[in-house]
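S.K.: The structure follows.
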Amino acid sequence: MKSQTKSSKVNRAWLNDHVNDTYVKLAKLEGYRARAAYKLKEIDETLGLIKPGQLVVDLGSTPGAWSQYVRRKMSPKTATGGGAAVGALNGTIIALDVLPMEPVEGVVFLRGDFRESDVLLQLEAEMKGRQADVVVSDMAPNLSGIDSADAARIENLVELALEFAQNHMKPDGALVAKVFHGAAYDPLVKRFKESFVLVKRIKPKASRDKSSETFLIGLGLKAR
């Protein structure tokens, strides 16, 4: 009984924090599907990554807030204050996730795991022989609470995003990947430094204070 009571208190506390969260309120006001849009927004505004005319690949896209943000950046005439996709799209956005995603106007969505060859072939077909200007990855594993196992899962997903960028991104492109502080963090920073000319680490204001997440941004691929 005690554990159930404690759990319900934690759930109520989380719900209260969520409902009163500034970015949750802002997302509702501006039409974004999740507060995560403001994480990518801050990263983009800091580094100037996303521009009209680009090809952007969004890995781990569901529920679609990052695709919405990119969509907006590629629609210069979009009405102010609307996170929903409106206006002419100048560019290409391909989103991919193992979970379903409600359509975002103009965004190509593929459901599947790009570790599977047929899914990767679909993604490559949609790229139509082009290389991505920007690859963004908000992929995260289901965490078990076992540090060694979780570190391996996190490292694997980021390595997959990095490998995809190395094979499908322009040499002067950028990769944005979510990572978590823990056993996998230092090895991933090392891999990024080995792979990119410049590496930035940003914890956006929209990331919850209690969260161990941060974002690694790799700019310009080193010759392999």
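Chain labels run A, B, ... following the order of the structure tokens; each chain numbers its residues from 1, and ligands are numbered from 1 in the order shown.
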Just want the 6 Å neighbourhood of Leu216 of chain A, counted on only C-alpha atoms, with same-chain residues fewer than 4 positions away dropped. Output as a list in words.

M.R.: Val176, Ala177, Lys200 and Arg201 of chain A

S.K.: Using only C-alpha atoms, which protein or nucleic acid residues come within 9 Å of Tyr38 of chain A? Drop anything in the same chain fewer than 2 positions from it, and give the result as a PyMOL selection string.

M.R.: chain A and resi 23+27+34-36+40-43+65-66+69+204-207

S.K.: Could you tell me how far atom CA of His181 of chain A sits from atom CA of Asp150 of chain A, in Å to one decimal place?

M.R.: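 Answer for the atom CA of Asp150 of chain A to atom CA of His181 of chain A separation: 11.1 Å.
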
S.K.: Determine which residues of segment 18-209 of chain A receive a DSSP assignment of helix (DSSP H, G or I), computed from the backbone, and state them as a PyMOL selection string.

M.R.: chain A and resi 18-19+22-30+37-47+65-73+117-127+147-168+185-195

S.K.: Using only C-alpha atoms, what does the table of segment 128-157 of chain A residues within 10 Å of segment 44-58 of chain A look like, with each row giving the shortest atom pair and its distance in Å to one decimal, sorted by chain and ascending number, as JSON lines?

M.R.:
```
{"residue": "A:Arg130", "atom": "CA", "partner": "A:Leu55", "partner_atom": "CA", "distance": 8.0}
{"residue": "A:Gln131", "atom": "CA", "partner": "A:Leu55", "partner_atom": "CA", "distance": 7.4}
{"residue": "A:Ala132", "atom": "CA", "partner": "A:Leu55", "partner_atom": "CA", "distance": 5.0}
{"residue": "A:Asp133", "atom": "CA", "partner": "A:Leu55", "partner_atom": "CA", "distance": 5.4}
{"residue": "A:Val134", "atom": "CA", "partner": "A:Val56", "partner_atom": "CA", "distance": 4.9}
{"residue": "A:Val135", "atom": "CA", "partner": "A:Val57", "partner_atom": "CA", "distance": 4.9}
{"residue": "A:Val136", "atom": "CA", "partner": "A:Asp58", "partner_atom": "CA", "distance": 5.0}
{"residue": "A:Ser137", "atom": "CA", "partner": "A:Asp58", "partner_atom": "CA", "distance": 6.0}
{"residue": "A:Asp138", "atom": "CA", "partner": "A:Asp58", "partner_atom": "CA", "distance": 8.0}
{"residue": "A:Met139", "atom": "CA", "partner": "A:Asp58", "partner_atom": "CA", "distance": 9.5}
```

S.K.: Keeping only N, CA and C atoms, take the residues you just selected and write them out as a short mmCIF file (atom, residue, chain, number, x, y, z; two decimals), in the first residue's frame.

M.R.:
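Just written: part37.cif:
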```
data_model
loop_
_atom_site.label_atom_id
_atom_site.label_comp_id
_atom_site.auth_asym_id
_atom_site.auth_seq_id
_atom_site.Cartn_x
_atom_site.Cartn_y
_atom_site.Cartn_z
N ARG A 130 20.25 12.62 -52.85
CA ARG A 130 20.82 13.79 -52.16
C ARG A 130 21.39 13.39 -50.81
N GLN A 131 22.30 14.20 -50.32
CA GLN A 131 22.81 14.03 -48.97
C GLN A 131 22.13 15.07 -48.07
N ALA A 132 21.93 14.70 -46.82
CA ALA A 132 21.26 15.60 -45.88
C ALA A 132 22.15 16.79 -45.53
N ASP A 133 21.51 17.94 -45.34
CA ASP A 133 22.21 19.12 -44.82
C ASP A 133 22.30 19.02 -43.29
N VAL A 134 21.22 18.54 -42.70
CA VAL A 134 21.15 18.42 -41.24
C VAL A 134 20.45 17.11 -40.89
N VAL A 135 21.00 16.41 -39.90
CA VAL A 135 20.36 15.22 -39.34
C VAL A 135 20.09 15.52 -37.87
N VAL A 136 18.84 15.36 -37.45
CA VAL A 136 18.50 15.58 -36.04
C VAL A 136 17.99 14.27 -35.45
N SER A 137 18.43 13.97 -34.26
CA SER A 137 18.04 12.70 -33.62
C SER A 137 17.61 12.95 -32.18
N ASP A 138 16.33 12.73 -31.94
CA ASP A 138 15.80 12.81 -30.58
C ASP A 138 15.53 11.40 -30.07
N MET A 139 16.19 10.42 -30.69
CA MET A 139 15.98 9.02 -30.29
C MET A 139 16.45 8.79 -28.87
#
```

S.K.: Using only C-alpha atoms, find the one residue out of A:Ala151, A:Glu194, A:His168, A:Arg72 that sits nearest to Ala125 of chain A.

M.R.: A:His168

S.K.: At a cut-off of 10 Å, using only C-alpha atoms, what residues contact Leu162 of chain A? Leave out same-chain residues fewer than 2 positions from it and give the result as a list in words.

M.R.: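 Selected residues are Val135, Ser137, Asn156, Leu157, Val158, Glu159, Leu160, Phe164, Ala165, Gln166, Asn167, His168, Met169, Leu175, Val176, Ala177, Leu188, Arg191, Phe192, Ser195 and Gly218 of chain A.
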
S.K.: So, with only C-alpha atoms as the atoms that count, which of A:Pro100, A:Pro63, A:Gly182, A:Gly220 lies closest to Ser148 of chain A?

M.R.: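 Closest to Ser148 of chain A of all the choices is A:Gly182.
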
S.K.: Ranking A:Met127, A:Ala140, A:Ile202, A:Leu221 by minimum distance to Asp97 of chain A and counting only C-alpha atoms, which one comes first?

M.R.: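 Closest to Asp97 of chain A of all the choices is A:Ala140.
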
S.K.: Pick out the closest residue to Lys170 of chain A from this set: A:Lys222, A:Lys39, A:Arg33, A:Lys203. Count only C-alpha atoms.

M.R.: A:Lys222

S.K.: Pull the strand (DSSP E or B) assignments for segment 139-209 of chain A out of DSSP run on the backbone, and list those residues as a PyMOL selection string.

M.R.: chain A and resi 169-180+196-202

S.K.: A:Phe180, A:Phe109, A:Phe196, A:Tyr185: which is nearest Thr214 of chain A, counting only C-alpha atoms?

M.R.: A:Phe180

S.K.: Do you have the atom CA of Ser67 of chain A-atom CA of Gln122 of chain A distance handy?

M.R.: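 Answer for the atom CA of Ser67 of chain A to atom CA of Gln122 of chain A separation: 18.4 Å.
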
S.K.: In Å, rounded to a single decimal, give me how far atom CA of Ile93 of chain A is from atom CA of Gly112 of chain A.

M.R.: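 So the two atoms, atom CA of Gly112 of chain A and atom CA of Ile93 of chain A, lie 16.3 Å apart.
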